[in-house]
file start-v4.txt (compact mmCIF, C-alpha atoms and all ligand atoms)
# COMPACT_ATOMS: atom_id res chain seq x y z
CA MET A 10 0.00 0.00 0.00
CA PRO A 11 2.14 2.92 -1.17
CA PRO A 12 1.26 6.34 0.23
CA SER A 13 -0.92 8.46 -2.04
CA ARG A 14 0.74 10.98 -4.33
CA TRP A 15 -2.16 13.38 -3.79
CA SER A 16 -2.60 13.39 -0.02
CA ALA A 17 -0.59 12.82 3.14
CA GLY A 18 -1.26 12.99 6.85
CA THR A 19 0.40 13.51 10.21
CA GLY A 20 -0.63 13.01 13.82
CA PRO A 21 -0.97 10.45 16.60
CA GLY A 22 -1.94 6.85 15.88
CA PRO A 23 -2.01 4.99 12.58
CA ILE A 24 -2.30 6.96 9.34
CA ALA A 25 -3.90 5.34 6.27
CA PRO A 26 -2.01 5.43 2.95
CA ASP A 27 -4.14 8.38 1.79
CA GLY A 28 -3.19 10.39 4.88
CA CYS A 29 -6.41 9.87 6.85
CA ALA A 30 -5.84 9.50 10.59
CA VAL A 31 -7.52 6.39 11.98
CA ASP A 32 -8.01 7.75 15.50
CA PHE A 33 -9.58 10.94 14.13
CA TYR A 34 -12.08 9.03 11.97
CA ALA A 35 -12.89 6.78 14.94
CA LEU A 36 -14.13 9.92 16.74
CA MET A 37 -16.36 11.05 13.87
CA THR A 38 -20.07 10.26 13.76
CA ASP A 39 -22.55 10.15 10.89
CA ASN A 40 -23.70 13.63 9.88
CA GLY A 41 -26.76 12.69 7.84
CA GLU A 42 -24.81 10.98 5.05
CA ALA A 43 -26.26 7.52 5.77
CA GLU A 44 -29.80 8.84 5.34
CA ILE A 45 -28.89 10.23 1.88
CA VAL A 46 -27.51 6.81 0.91
CA HIS A 47 -30.49 4.97 2.39
CA GLU A 48 -32.97 7.14 0.48
CA ALA A 49 -31.14 6.63 -2.81
CA ALA A 50 -30.45 2.91 -2.41
CA GLY A 51 -33.93 1.99 -1.20
CA PRO A 52 -35.04 -0.14 1.73
CA GLY A 53 -33.14 -3.37 2.19
CA ALA A 54 -30.65 -2.68 -0.63
CA SER A 55 -27.34 -4.50 -0.39
CA ILE A 56 -24.50 -1.96 -0.33
CA LEU A 57 -20.83 -2.15 -1.24
CA GLU A 58 -19.15 0.71 0.62
CA LEU A 59 -15.80 1.74 -0.89
CA GLY A 60 -13.36 3.57 1.38
CA CYS A 61 -15.41 2.89 4.53
CA GLY A 62 -12.78 4.10 7.00
CA THR A 63 -13.69 3.24 10.58
CA GLY A 64 -17.32 2.55 9.65
CA ARG A 65 -18.76 5.99 10.38
CA MET A 66 -21.44 5.41 7.71
CA THR A 67 -21.37 1.60 7.86
CA ARG A 68 -22.90 1.51 11.33
CA PRO A 69 -26.00 3.62 10.58
CA LEU A 70 -26.48 1.90 7.21
CA THR A 71 -26.45 -1.48 8.91
CA ALA A 72 -28.85 -0.17 11.55
CA LEU A 73 -31.16 0.96 8.72
CA GLY A 74 -31.35 -2.67 7.56
CA HIS A 75 -28.74 -2.78 4.79
CA ALA A 76 -26.33 -5.68 4.34
CA VAL A 77 -23.08 -3.77 3.85
CA VAL A 78 -19.74 -5.04 2.57
CA ALA A 79 -17.19 -2.46 3.71
CA VAL A 80 -13.92 -2.02 1.79
CA ASP A 81 -10.80 -0.10 2.76
CA GLU A 82 -7.11 -0.41 2.02
CA SER A 83 -6.19 0.34 5.64
CA PRO A 84 -6.38 -2.62 8.03
CA ASP A 85 -6.18 -0.15 10.91
CA MET A 86 -9.36 1.55 9.68
CA LEU A 87 -11.14 -1.78 9.12
CA ALA A 88 -10.32 -2.95 12.65
CA HIS A 89 -13.03 -0.51 13.82
CA VAL A 90 -15.71 -1.98 11.53
CA THR A 91 -17.36 -4.69 13.57
CA ASP A 92 -20.91 -4.81 12.24
CA ALA A 93 -20.36 -5.60 8.55
CA GLU A 94 -18.38 -7.93 6.31
CA THR A 95 -15.06 -6.24 5.54
CA VAL A 96 -12.59 -6.53 2.67
CA CYS A 97 -9.08 -5.09 2.88
CA SER A 98 -8.19 -3.96 -0.63
CA SER A 99 -7.50 -0.91 -2.70
CA ILE A 100 -10.67 0.06 -4.52
CA GLN A 101 -8.84 -0.06 -7.85
CA ASP A 102 -7.85 -3.72 -7.33
CA LEU A 103 -11.14 -4.90 -5.86
CA SER A 104 -12.80 -7.89 -7.46
CA ILE A 105 -15.06 -9.74 -5.08
CA GLY A 106 -17.19 -11.50 -7.70
CA ARG A 107 -20.54 -10.22 -6.42
CA ARG A 108 -22.86 -7.45 -7.49
CA PHE A 109 -24.77 -5.13 -5.18
CA ASP A 110 -27.97 -3.10 -5.31
CA ALA A 111 -25.88 -0.04 -4.52
CA VAL A 112 -22.21 0.86 -4.58
CA LEU A 113 -21.12 3.79 -2.42
CA LEU A 114 -18.10 5.91 -3.31
CA ALA A 115 -18.13 8.74 -0.76
CA SER A 116 -15.64 11.08 0.88
CA HIS A 117 -14.63 12.90 -2.33
CA LEU A 118 -12.49 9.98 -3.54
CA ILE A 119 -13.77 10.71 -7.06
CA ASN A 120 -12.01 14.11 -6.95
CA VAL A 121 -8.58 12.47 -7.15
CA PRO A 122 -6.54 14.54 -9.63
CA ASP A 123 -5.27 11.51 -11.56
CA ASP A 124 -7.67 10.64 -14.39
CA ASP A 125 -6.47 7.03 -14.52
CA VAL A 126 -7.13 6.50 -10.81
CA ARG A 127 -10.60 8.04 -11.17
CA ALA A 128 -11.28 5.72 -14.10
CA ALA A 129 -10.20 2.72 -12.03
CA LEU A 130 -12.40 3.75 -9.07
CA LEU A 131 -15.43 4.08 -11.34
CA ALA A 132 -14.63 0.82 -13.14
CA THR A 133 -14.78 -0.95 -9.76
CA CYS A 134 -18.14 0.70 -9.06
CA ARG A 135 -19.52 -0.49 -12.41
CA ALA A 136 -18.12 -4.01 -12.00
CA HIS A 137 -19.84 -4.44 -8.64
CA VAL A 138 -23.23 -2.82 -9.21
CA SER A 139 -26.14 -4.88 -10.50
CA ASP A 140 -27.57 -3.85 -13.86
CA THR A 141 -30.63 -2.45 -12.08
CA GLY A 142 -28.65 -0.94 -9.21
CA CYS A 143 -27.14 2.48 -8.57
CA VAL A 144 -23.77 3.98 -7.78
CA ILE A 145 -23.98 6.66 -5.09
CA VAL A 146 -21.14 9.17 -5.12
CA GLU A 147 -20.08 12.06 -2.91
CA GLN A 148 -17.90 14.65 -4.62
CA HIS A 149 -16.63 18.02 -3.43
CA GLN A 150 -19.40 20.54 -4.04
CA PRO A 151 -18.55 22.07 -7.43
CA ALA A 152 -18.99 25.60 -5.98
CA TRP A 153 -16.48 24.87 -3.19
CA PHE A 154 -13.57 25.05 -5.62
CA GLU A 155 -14.27 28.78 -6.03
CA SER A 156 -15.40 29.53 -2.47
CA ALA A 157 -12.85 27.55 -0.41
CA SER A 158 -10.80 29.73 1.93
CA GLU A 159 -9.23 29.60 5.39
CA THR A 160 -12.04 28.46 7.68
CA GLU A 161 -12.55 27.05 11.16
CA HIS A 162 -15.52 25.22 12.58
CA GLU A 163 -16.31 22.80 15.37
CA ARG A 164 -18.30 19.57 15.42
CA ASN A 165 -18.64 17.20 18.38
CA GLY A 166 -15.93 19.13 20.22
CA ILE A 167 -13.45 18.68 17.35
CA ILE A 168 -12.01 21.83 15.78
CA MET A 169 -11.48 21.64 12.02
CA ARG A 170 -9.44 24.24 10.17
CA LEU A 171 -8.67 24.62 6.47
CA HIS A 172 -5.29 26.22 5.77
CA GLY A 173 -3.07 27.13 2.87
CA VAL A 174 -5.62 27.00 0.07
CA THR A 175 -3.96 27.27 -3.34
CA ARG A 176 -5.15 26.64 -6.86
CA PRO A 177 -2.20 25.15 -8.73
CA ALA A 178 -4.30 24.84 -11.90
CA PRO A 179 -7.75 26.14 -12.86
CA ASP A 180 -9.41 22.85 -11.87
CA LEU A 181 -7.14 21.88 -8.95
CA LEU A 182 -7.30 22.91 -5.31
CA SER A 183 -4.62 22.11 -2.73
CA ALA A 184 -4.96 22.72 1.00
CA MET A 185 -4.22 21.38 4.45
CA VAL A 186 -6.99 20.42 6.85
CA GLU A 187 -6.21 20.39 10.57
CA TYR A 188 -8.24 18.57 13.21
CA VAL A 189 -7.81 19.22 16.94
CA ALA A 190 -9.47 17.06 19.61
CA GLY A 191 -8.26 17.92 23.10
CA ASP A 192 -4.49 17.57 23.03
CA ARG A 193 -4.45 15.55 19.81
CA ARG A 194 -3.81 17.23 16.45
CA TRP A 195 -3.90 15.70 12.99
CA THR A 196 -3.23 17.24 9.60
CA GLN A 197 -3.97 16.10 6.09
CA THR A 198 -2.73 17.80 2.95
CA PHE A 199 -4.55 17.07 -0.26
CA THR A 200 -5.08 18.09 -3.86
CA ALA A 201 -8.52 17.69 -5.43
CA ARG A 202 -9.72 18.06 -8.99
CA GLN A 203 -12.95 19.88 -9.76
CA LEU A 204 -15.18 17.77 -11.94
CA THR A 205 -17.04 20.03 -14.32
CA ALA A 206 -20.29 18.61 -15.68
CA PRO A 207 -18.67 17.54 -19.00
CA VAL A 208 -15.68 15.93 -17.25
CA LEU A 209 -17.96 14.10 -14.85
CA ALA A 210 -20.20 12.89 -17.68
CA GLU A 211 -17.19 11.67 -19.64
CA SER A 212 -15.65 9.92 -16.62
CA LEU A 213 -18.92 8.15 -15.91
CA ALA A 214 -19.48 7.20 -19.55
CA SER A 215 -15.97 5.72 -19.82
CA ALA A 216 -16.90 3.42 -16.94
CA GLY A 217 -20.26 2.46 -18.45
CA LEU A 218 -22.25 4.73 -16.12
CA ARG A 219 -24.42 7.79 -16.56
CA LEU A 220 -25.54 10.54 -14.21
CA ASP A 221 -29.10 9.87 -13.06
CA ARG A 222 -29.74 12.71 -10.58
CA TYR A 223 -28.26 14.85 -7.88
CA LEU A 224 -29.29 13.79 -4.39
CA THR A 225 -28.48 17.09 -2.68
CA LYS A 226 -29.00 20.69 -3.82
CA ASP A 227 -25.29 21.48 -3.59
CA GLU A 228 -24.62 18.66 -6.11
CA ALA A 229 -22.15 17.03 -3.69
CA TRP A 230 -24.10 13.75 -3.77
CA PHE A 231 -25.33 12.12 -6.95
CA CYS A 232 -26.59 8.83 -8.23
CA ALA A 233 -25.25 7.16 -11.40
CA LEU A 234 -26.80 4.23 -13.20
CA PRO A 235 -25.32 1.56 -15.44
CA GLY A 236 -25.62 2.37 -19.12
CA SER A 237 -24.87 5.26 -21.41
CA ASP A 238 -26.88 8.45 -21.95
CA GLY A 239 -30.11 7.71 -23.73
CA VAL A 240 -30.10 4.06 -22.69
C1 LIG A 301 -11.69 10.43 4.18
S1 LIG A 301 -11.69 8.78 4.79
C2 LIG A 301 -13.44 8.57 4.91
C3 LIG A 301 -13.89 7.29 5.51
C4 LIG A 301 -15.40 7.10 5.50
N1 LIG A 301 -15.91 7.04 4.14
C5 LIG A 301 -16.09 8.23 6.25
O1 LIG A 301 -16.78 9.02 5.63
O2 LIG A 301 -15.93 8.28 7.47
C6 LIG A 301 -11.25 7.89 3.31
C7 LIG A 301 -11.06 6.41 3.51
O3 LIG A 301 -10.90 5.82 2.23
C8 LIG A 301 -9.80 4.95 2.25
N2 LIG A 301 -9.24 4.98 0.89
C9 LIG A 301 -8.79 6.07 0.22
N3 LIG A 301 -8.39 5.72 -1.01
C10 LIG A 301 -8.59 4.39 -1.10
C11 LIG A 301 -8.37 3.45 -2.14
N4 LIG A 301 -7.88 3.83 -3.33
N5 LIG A 301 -8.66 2.16 -1.91
C12 LIG A 301 -9.17 1.75 -0.69
N6 LIG A 301 -9.39 2.61 0.32
C13 LIG A 301 -9.11 3.91 0.12
C14 LIG A 301 -8.86 5.48 3.30
O4 LIG A 301 -8.03 4.45 3.83
C15 LIG A 301 -9.84 6.03 4.31
O5 LIG A 301 -10.19 5.09 5.27

call {"tool": "encode", "arguments": {"input": "start-v4.txt", "output": "structure tokens", "more": "lines below"}}
Ligand SMILES: C[S@@+](CC[C@H](N)C(=O)[O-])C[C@H]1O[C@@H](n2cnc3c(N)ncnc32)[C@H](O)[C@@H]1O
result
Amino acid sequence: MPPSRWSAGTGPGPIAPDGCAVDFYALMTDNGEAEIVHEAAGPGASILELGCGTGRMTRPLTALGHAVVAVDESPDMLAHVTDAETVCSSIQDLSIGRRFDAVLLASHLINVPDDDVRAALLATCRAHVSDTGCVIVEQHQPAWFESASETEHERNGIIMRLHGVTRPAPDLLSAMVEYVAGDRRWTQTFTARQLTAPVLAESLASAGLRLDRYLTKDEAWFCALPGSDGV
């Protein structure tokens, strides 16, 4: 599991290859995301969750009645997922030979700057979704690429700060996010690519998917279906 070229992290406890701090994610709770997924997937849908982390969304999805298979490349993250079947694998290399009613690709993983990696992530989604199923994706809000600036907010007693925002190219944003919980402090630097509507449509089409609808007004969450436009 080589570290990611596009993100890196520091702080106490294990750090996943993409720079995410395991102990930080273990503190985080669902913030309404599971309900968005539940609504889109439908009652009782089987769900393949890609990049599940410590199971922040896995737990409420399971509680809502979904059979979830949770995938992550970090065994330290997966050690926290106790209420679902887990698979330790990179998303790009995943091939578990089963198809699901819904495949979940959250946490802005689709905004990876590398087009080949994005293509591989979406190919895994397509390979594991049933022909009548849906792929549920969370991207960075398109408007955030223009509006992002130094910010600080607090949730559940954890302070989150965004620092050092730069735009190394018109569609790229680099920054460092800092999390402080008591005397523990983690950082993660990252670069994200904005997916304009044409780029998103082309990325989905290359994987045999098409945009069905946005699930939230800010267009951060959307649902894609197998097939090409017009099919
Ligand atoms: C930002 S965390 C979010 C975790 C979880 N989705 C949540 O919302 O709490 C991203 C997770 O995806 C995993 N991840 C990132 N890239 C991955 C890849 N290419 N293959 C497998 N796991 C990956 C990381 O190890 C990490 O646990």

call {"tool": "closest_residue", "arguments": {"input": "start-v4.txt", "among": "A:Asp221, A:Glu163, A:Glu58, A:Glu147", "to": "Thr133 of chain A", "atoms": "only C-alpha atoms"}}
result
A:Glu58

call {"tool": "atom_distance", "arguments": {"input": "start-v4.txt", "atom1": "atom CA of Cys97 of chain A", "atom2": "atom CA of Glu42 of chain A"}}
result
22.6 Å

call {"tool": "atom_distance", "arguments": {"input": "start-v4.txt", "atom1": "atom CA of Arg108 of chain A", "atom2": "atom CA of Ala128 of chain A"}}
result
18.7 Å

call {"tool": "residues_near_ligand", "arguments": {"input": "start-v4.txt", "ligand": "ligand LIG 301 (chain A)", "cutoff": "8 Å", "atoms": "only C-alpha atoms and all ligand atoms", "output": "VMD selection string"}}
result
chain A and resid 25 to 29 31 34 37 to 39 58 to 66 80 to 83 86 to 87 97 to 101 114 to 118 126 130

call {"tool": "write_last_selection", "arguments": {"input": "start-v4.txt", "atoms": "C-alpha atoms", "output": "JSON list (two decimals), keeping the file's coordinate frame"}}
result
[["chain", "number", "residue", "atom", "x", "y", "z"],
["A", 25, "ALA", "CA", -3.90, 5.34, 6.27],
["A", 26, "PRO", "CA", -2.01, 5.43, 2.95],
["A", 27, "ASP", "CA", -4.14, 8.38, 1.79],
["A", 28, "GLY", "CA", -3.19, 10.39, 4.88],
["A", 29, "CYS", "CA", -6.41, 9.87, 6.85],
["A", 31, "VAL", "CA", -7.52, 6.39, 11.98],
["A", 34, "TYR", "CA", -12.08, 9.03, 11.97],
["A", 37, "MET", "CA", -16.36, 11.05, 13.87],
["A", 38, "THR", "CA", -20.07, 10.26, 13.76],
["A", 39, "ASP", "CA", -22.55, 10.15, 10.89],
["A", 58, "GLU", "CA", -19.15, 0.71, 0.62],
["A", 59, "LEU", "CA", -15.80, 1.74, -0.89],
["A", 60, "GLY", "CA", -13.36, 3.57, 1.38],
["A", 61, "CYS", "CA", -15.41, 2.89, 4.53],
["A", 62, "GLY", "CA", -12.78, 4.10, 7.00],
["A", 63, "THR", "CA", -13.69, 3.24, 10.58],
["A", 64, "GLY", "CA", -17.32, 2.55, 9.65],
["A", 65, "ARG", "CA", -18.76, 5.99, 10.38],
["A", 66, "MET", "CA", -21.44, 5.41, 7.71],
["A", 80, "VAL", "CA", -13.92, -2.02, 1.79],
["A", 81, "ASP", "CA", -10.80, -0.10, 2.76],
["A", 82, "GLU", "CA", -7.11, -0.41, 2.02],
["A", 83, "SER", "CA", -6.19, 0.34, 5.64],
["A", 86, "MET", "CA", -9.36, 1.55, 9.68],
["A", 87, "LEU", "CA", -11.14, -1.78, 9.12],
["A", 97, "CYS", "CA", -9.08, -5.09, 2.88],
["A", 98, "SER", "CA", -8.19, -3.96, -0.63],
["A", 99, "SER", "CA", -7.50, -0.91, -2.70],
["A", 100, "ILE", "CA", -10.67, 0.06, -4.52],
["A", 101, "GLN", "CA", -8.84, -0.06, -7.85],
["A", 114, "LEU", "CA", -18.10, 5.91, -3.31],
["A", 115, "ALA", "CA", -18.13, 8.74, -0.76],
["A", 116, "SER", "CA", -15.64, 11.08, 0.88],
["A", 117, "HIS", "CA", -14.63, 12.90, -2.33],
["A", 118, "LEU", "CA", -12.49, 9.98, -3.54],
["A", 126, "VAL", "CA", -7.13, 6.50, -10.81],
["A", 130, "LEU", "CA", -12.40, 3.75, -9.07]]

call {"tool": "residues_around", "arguments": {"input": "start-v4.txt", "residues": "segment 155-157 of chain A", "least_positions_apart": "2", "cutoff": "9 Å", "atoms": "all atoms listed in the file", "output": "PyMOL selection string"}}
result
chain A and resi 151-153+159-160+171+174+182

call {"tool": "closest_residue", "arguments": {"input": "start-v4.txt", "among": "A:Gln203, A:Gln197, A:Asn40, A:Gln150", "to": "Lys226 of chain A", "atoms": "only C-alpha atoms"}}
result
A:Gln150
